[in-house]
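Below is one structure, written out as C-alpha cells, with a few remarks after it.
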Amino acid sequence: MIYSLAYLLNSGNIYYEAAGVVAYAILVSILIFAFSYLFGWVERKLIAKMQYRHGPTYVGKYGILQNMADLVKLLAKEIIIPENANRFILLAAPILLVAMNIFLIFLIPFVPALQLGSFGLGLLAVFVVLGFTPILIFLTGFSSGNKFADISAQRSVLTLISYEIPMIIVIATAAALAHGYSIYSMVSAQSGIDFAFLMPIGLFIFFIAMLAELERPPFDLREADSELIAGWLTDISAPYYALFLLLDYSRMFLGSLLISIIFFGGWLGPAFLPPIVWLVAKAFTIAIFITILRATTMRMRIDKILRIGWIWLMPLALINLIIAYMLLL
Amino acid sequence: MSITRVNIGPIHPSTHGVLRLVVDLEGDTIENIEPHIGFLHRGVEKLVETRMYMQCPPYMEKIDYVAPMSVDELYVAAVEKAMGVEVSEKAQYVRVVLLELQRIASHLFWVGSICNDLGQLFTTFMWGFRDRDMVLHLLEIATGQRMFYVNMRLGGLSRDLPEGFGEKTLELMDYLEKRLKEYENLIEKNPIFVDRMKGIGRLSRGDAKEFGVTGHVMRASGLDYDVRSERPYYVYRKLNFRKQYHLSGDNLARYEVRIMEIKESIRLVREALAGMPEGSAAGMPIKLITPNAKNRIVMESRENPRGEEMIYLVADPQKPYRLSIRSPTFINLAALNHMARGSRLADLFSIMGTLDLVLADVDR
C-alpha cells in the first residue's frame, strides 16, 4: 500500500498527487493518534508498575480503553472562559499549537519511498516551527488572566533561551556530519555508524534540550503541578485540555522521532522488519526511557536550568561541534 | 520591579490541606508570606468540655490524623495524671512500641510527600504509602483499627497485644531497614534532590530558639531537645534512646533527621519488644471509671512525630473543665515566613513540606 502511495505521489499527475497527499495525511494522522493513545496507556501502566500500583484495569482488557473513557469525559465538559482572559487568544492559540505540532510530524518521512516533506532543509524547517511552540505557550498562559499561568508563561520564555541555542548547535553539527539539513541525508549518513556513537556529547545535550522542549520531568517547569497548580493550563477548560493531552503525546512522538532520526539512524535497521516499524520502534523505546525518567526525578528549579543551559550545555555543544569537525577533516 | 501578590490555597495541590498563603513575589523571589489559617477549625478544645473524659479520645485522634494514636495517648496520659492512675509496666512497653510504630508510619508518609512537593510524579509517595500501610496493618492487628484506634484506656490499653505480634513486627522492621536503603538510592543519590534541598530554608540555631519551633525542625537546627530524653515518660528512661539532630538547619538536615528518627524508632521497637515483661496491658474498662480528679490542673507533653505536643488540662470530676493544646505544627508554621523569605517560589513548597504541616493540627 505504501508503495502504491509512493507511486501516486511521484506520478506527475496533479490529481493523483493530491489524492496521494490526502491519503498520506490520513495515514500519518492515524499513526499519530495510535501512538498517542497507545503510549498514553503504556505510560500509565509503566509508571503504575514502578509505583507498585496496577494502573488502569477496569475499562477494556488491561484498562486499554481507559484513555478513551477519559477523553469522552473531558469532551463532555463545559468550556469556561475566565472574565479577564483574552478570549480570542485563549481559544485560538491552543488549536494553532496542536495543528502546528501535528504538521511537524507530517514533515518526517516515515517511509524512505515517500517524498512528501523531504525537501533539502527539512530538519531545519522542523526546528524553526518547533521554536514557535514556547511563544504560543507564552501567549496562552499570558492571555488566560491567571497569575499561575502568568508565572508559568514567564518560565516558558526563560527555559526557551537556555536550551534552544545548544540544541540548534547540535543540529548544525549533525548537519555538518551528514552534509545537509535534509532528513534523508541525515539518515543515509548513518548507514555506517549511528551519530549517537560519533557524538555522544551531542546526544546528551540534545536529549536534555528535548526534555525541556517537551516539558518532561525534570524540566516540567511550565506545568509544575506541585507549585503552579497546572501552570499555563490552569484556566484551560476540559475539552481544550483533551486537546493538550493529544498535544503532549504527539510532541512526545515528535521528539522521540527526531532523536531516533538524528542519532539512531532513523528507519535504518536489519531488513526483517519494514523501515517504518524500525523508526516507530526506536521512537517508542526513547519515549519509554523518557517515561522512566518522569517517574523518578524531581523537578529542577528555574535558575538552575538557566545555569545548566549556559554553563554546561553551551560549552559542551561547542566542544561537540569541534570534535565533529575534526572527524570531518 | 513591581511586586506580584499570589494567593496560594486554600485549595492547592501542595499546601497539604486547607492552608492559604498570600505570597508577595518580586520576580520569582519571595518577599513576604502571610499564612491564613482556620479553615479546618473544629473547636475541639471547646467541644470536649461537654463530654465525659473517655468520650474525648475520638476527637483527640482527629487533631493529628496522620499520627492519631500519639495525640490520643497524650490526652489519656493527661487524664491519668489528673486522676492519679498508674500505668502498668507491660502497658508502658506496649504503648512505647505502638507509639514508635505510629511515628514510623507518620514519617514514611512524610518522606513520600516531600518528594511530591519537589515535583516527583508520586513514585516515592506511593512507596512511602505502601510501607506506611504495612505498619498500619500491624497497628490494626494490635488495636483492631487501621487509622483511628481509640485503644488507650486509663492505666493501659483496650486490650493486650495479640499472639505473634512481636514476630510480625520484627519481620516488618527488617523489611523496613531494607526499604530505607532503596529510598536512599531513589532519593538521596538523586543530585536534583540534593540540589533542591541543600542550603534551602535555613533556620539558624538562634532563630529556632526565638520562634520556639519544635520537633525535627528544631533538632535539624542544632538544638538537641527531645522530650523522650529530656523528660522521659514511660520506659524511655530504660531504653537506650539517642536523640537525633543535625547542625545545618536546612531542608536536607530536616530530611536527614527524619530518616535517622525512623532508624532510631526501628531500633527502639526492637529493644522494647525484647524487654517486654509478662503481665497484662489492659487498662480500666470505660464503664468502671469512677471520676475522681486528684490534681485539678495538669500539663502533659509528648514527643509526637511532628514535635512536642502539650495538653493543659483543668479537670472537673466528670469532664474536662478546660483543655488547651499546644500543637507543634502551629508553632512551626510561624517560622515559615522567616525561612522562606528571599528564596524562590519553587522552594516555598519544599520548605513548607519539610515543616510537615497537618492542617487539622494547626487549626484544631
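Residue numbering restarts at 1 in every chain; chains get A, B, ... in the order shown in the C-alpha cells, and ligands count up from 1 in that same order.
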Leaving out Phe138 (chain A) and any residue of its chain fewer than 5 positions from it, which residues lie within 8 Å of it when counting only C-alpha atoms, given as a list in words?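 Returned residues: Ser152, Ala153, Gln154, Ser156, Val157 and Trp232 of chain A.
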Residues near Pro320 (chain B), anyone? I mean within 7 Å using only C-alpha atoms, not counting same-chain ones fewer than 4 positions away, as a list in words.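 Once the adjacent positions are removed, what remains is Val48, Glu49, Tyr53, Leu313, Val314, Ala315 and Asp316 of chain B.
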Test item: chain B residues at most 7 Å from chain A, counting only C-alpha atoms, as a PyMOL selection string: chain B and resi 6+12-14+117-121+123+126-127+192-193+346+349
Contacts of Arg344 (chain B) at 10 Å (only C-alpha atoms; same-chain gap of 4+ positions) as a list in words: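 Everything that qualifies: Arg301, Ile302 and Asp303 of chain A; Leu25, Glu26, Gly27, Asp28, Thr29, Ile30, Glu31, Ile200, Ala340, Leu348 and Phe349 of chain B.
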Any chance you could export the current selection's all heavy atoms as a short mmCIF file (atom, residue, chain, number, x, y, z; two decimals), in the first residue's frame?
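After the write, part-v7.cif holds the following:
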data_model
loop_
_atom_site.label_atom_id
_atom_site.label_comp_id
_atom_site.auth_asym_id
_atom_site.auth_seq_id
_atom_site.Cartn_x
_atom_site.Cartn_y
_atom_site.Cartn_z
N ARG A 301 14.92 23.59 39.47
CA ARG A 301 14.44 24.94 39.69
C ARG A 301 14.82 25.80 38.50
O ARG A 301 15.79 25.50 37.80
CB ARG A 301 15.07 25.49 40.96
CG ARG A 301 14.15 26.33 41.76
CD ARG A 301 14.77 26.62 43.09
NE ARG A 301 16.05 27.30 42.92
CZ ARG A 301 16.96 27.37 43.87
NH1 ARG A 301 16.75 26.77 45.01
NH2 ARG A 301 18.08 28.00 43.67
N ILE A 302 14.09 26.86 38.27
CA ILE A 302 14.23 27.62 37.03
C ILE A 302 15.63 28.21 36.89
O ILE A 302 16.25 28.15 35.82
CB ILE A 302 13.12 28.69 36.93
CG1 ILE A 302 13.23 29.48 35.63
CG2 ILE A 302 13.14 29.64 38.09
CD1 ILE A 302 12.69 28.75 34.47
N ASP A 303 16.19 28.75 37.97
CA ASP A 303 17.51 29.37 37.84
C ASP A 303 18.58 28.31 37.58
O ASP A 303 19.58 28.59 36.91
CB ASP A 303 17.84 30.20 39.08
CG ASP A 303 17.65 29.41 40.36
OD1 ASP A 303 16.76 28.56 40.38
OD2 ASP A 303 18.40 29.63 41.31
N LEU B 25 5.57 38.31 45.64
CA LEU B 25 6.71 37.89 44.84
C LEU B 25 7.33 39.09 44.15
O LEU B 25 6.62 39.93 43.61
CB LEU B 25 6.27 36.90 43.75
CG LEU B 25 5.87 35.51 44.16
CD1 LEU B 25 5.32 34.80 42.95
CD2 LEU B 25 7.07 34.76 44.69
N GLU B 26 8.65 39.12 44.20
CA GLU B 26 9.33 40.10 43.35
C GLU B 26 10.06 39.29 42.30
O GLU B 26 11.09 38.68 42.59
CB GLU B 26 10.29 40.95 44.17
CG GLU B 26 10.83 42.11 43.37
CD GLU B 26 11.85 42.91 44.15
OE1 GLU B 26 11.78 42.94 45.38
OE2 GLU B 26 12.73 43.47 43.49
N GLY B 27 9.51 39.24 41.10
CA GLY B 27 10.03 38.31 40.12
C GLY B 27 9.70 36.90 40.56
O GLY B 27 8.53 36.55 40.68
N ASP B 28 10.72 36.12 40.85
CA ASP B 28 10.49 34.76 41.33
C ASP B 28 10.88 34.64 42.80
O ASP B 28 10.87 33.55 43.36
CB ASP B 28 11.29 33.79 40.46
CG ASP B 28 10.72 32.39 40.53
OD1 ASP B 28 9.52 32.28 40.77
OD2 ASP B 28 11.48 31.43 40.35
N THR B 29 11.26 35.77 43.41
CA THR B 29 11.77 35.72 44.78
C THR B 29 10.67 36.11 45.76
O THR B 29 9.92 37.06 45.52
CB THR B 29 12.95 36.70 44.91
OG1 THR B 29 13.82 36.49 43.82
CG2 THR B 29 13.70 36.47 46.19
N ILE B 30 10.61 35.39 46.86
CA ILE B 30 9.56 35.63 47.85
C ILE B 30 9.94 36.82 48.73
O ILE B 30 11.02 36.86 49.30
CB ILE B 30 9.35 34.39 48.71
CG1 ILE B 30 8.83 33.24 47.84
CG2 ILE B 30 8.37 34.66 49.82
CD1 ILE B 30 8.92 31.91 48.48
N GLU B 31 9.04 37.78 48.79
CA GLU B 31 9.27 38.95 49.63
C GLU B 31 8.62 38.76 51.00
O GLU B 31 9.20 39.10 52.02
CB GLU B 31 8.66 40.20 48.97
CG GLU B 31 9.47 40.76 47.84
CD GLU B 31 10.73 41.44 48.34
OE1 GLU B 31 10.61 42.42 49.08
OE2 GLU B 31 11.83 40.98 47.99
N ILE B 200 18.60 25.24 51.49
CA ILE B 200 17.32 25.90 51.26
C ILE B 200 16.56 25.96 52.59
O ILE B 200 16.57 25.02 53.36
CB ILE B 200 16.48 25.12 50.22
CG1 ILE B 200 17.27 24.92 48.92
CG2 ILE B 200 15.17 25.80 49.95
CD1 ILE B 200 17.58 26.18 48.19
N ALA B 340 11.36 31.08 54.48
CA ALA B 340 11.18 31.08 53.03
C ALA B 340 11.45 32.44 52.40
O ALA B 340 11.58 32.54 51.19
CB ALA B 340 9.76 30.63 52.68
N LEU B 348 9.45 27.42 48.12
CA LEU B 348 8.47 27.62 49.18
C LEU B 348 7.80 26.30 49.54
O LEU B 348 7.61 25.98 50.71
CB LEU B 348 7.42 28.65 48.73
CG LEU B 348 6.17 28.76 49.59
CD1 LEU B 348 6.51 29.23 50.98
CD2 LEU B 348 5.18 29.70 48.96
N PHE B 349 7.50 25.51 48.49
CA PHE B 349 6.73 24.29 48.74
C PHE B 349 7.58 23.21 49.38
O PHE B 349 7.08 22.41 50.17
CB PHE B 349 6.08 23.82 47.44
CG PHE B 349 5.16 24.86 46.90
CD1 PHE B 349 5.57 25.70 45.88
CD2 PHE B 349 3.93 25.05 47.46
CE1 PHE B 349 4.74 26.69 45.41
CE2 PHE B 349 3.09 26.04 47.00
CZ PHE B 349 3.50 26.87 45.98
#
Nearest to Arg306 (chain B), restricted to only C-alpha atoms and choosing among B:Gly128, B:Pro162, B:Pro68, B:Pro277, comes out as B:Pro68
Out of region 299-359 of chain B, which residues get helix (DSSP H, G or I) from DSSP, as a ChimeraX atom specification? /B:328-334,336-340,345-355,359
Could those selected residues go to a file with C-alpha atoms, as a compact mmCIF listing (two decimals), in the first residue's frame?
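Output (out08.txt):
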# COMPACT_ATOMS: atom_id res chain seq x y z
CA PRO B 328 3.68 21.58 67.16
CA THR B 329 2.71 22.35 63.58
CA PHE B 330 1.08 25.64 64.56
CA ILE B 331 4.35 26.73 66.14
CA ASN B 332 6.43 25.50 63.22
CA LEU B 333 4.19 27.27 60.70
CA ALA B 334 5.05 30.56 62.39
CA LEU B 336 7.69 29.68 57.59
CA ASN B 337 7.85 33.35 56.64
CA HIS B 338 11.30 33.70 58.12
CA MET B 339 12.60 30.52 56.49
CA ALA B 340 11.18 31.08 53.03
CA LEU B 345 8.77 30.38 44.68
CA ALA B 346 9.56 26.75 43.84
CA ASP B 347 11.40 26.36 47.13
CA LEU B 348 8.47 27.62 49.18
CA PHE B 349 6.73 24.29 48.74
CA SER B 350 9.71 22.19 49.71
CA ILE B 351 10.26 24.33 52.80
CA MET B 352 6.60 24.04 53.70
CA GLY B 353 6.86 20.30 53.03
CA THR B 354 9.75 19.86 55.44
CA LEU B 355 7.76 21.55 58.19
CA LEU B 359 -3.69 21.48 58.99
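Excluding Leu247 (chain B) itself and any same-chain residue fewer than 5 positions from it, the protein and nucleic acid residues within 6 Å of it, counting only C-alpha atoms, are Ala220, Ser221 and Gly222 of chain B.
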With N, CA, C and O atoms kept, could you save the residues just selected as a PDB file, in the first residue's frame?
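This is the output file part-v8.pdb:
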ATOM      1  N   ALA B 220      16.896  19.781  63.649  1.00  0.00           N
ATOM      2  CA  ALA B 220      17.722  19.970  62.453  1.00  0.00           C
ATOM      3  C   ALA B 220      18.543  21.245  62.557  1.00  0.00           C
ATOM      4  O   ALA B 220      19.543  21.401  61.866  1.00  0.00           O
ATOM      5  N   SER B 221      18.106  22.187  63.425  1.00  0.00           N
ATOM      6  CA  SER B 221      18.844  23.437  63.569  1.00  0.00           C
ATOM      7  C   SER B 221      19.891  23.366  64.666  1.00  0.00           C
ATOM      8  O   SER B 221      20.416  24.384  65.087  1.00  0.00           O
ATOM      9  N   GLY B 222      20.160  22.185  65.181  1.00  0.00           N
ATOM     10  CA  GLY B 222      21.242  22.037  66.137  1.00  0.00           C
ATOM     11  C   GLY B 222      20.822  22.061  67.592  1.00  0.00           C
ATOM     12  O   GLY B 222      21.671  22.024  68.471  1.00  0.00           O
TER      13      GLY B 222
END
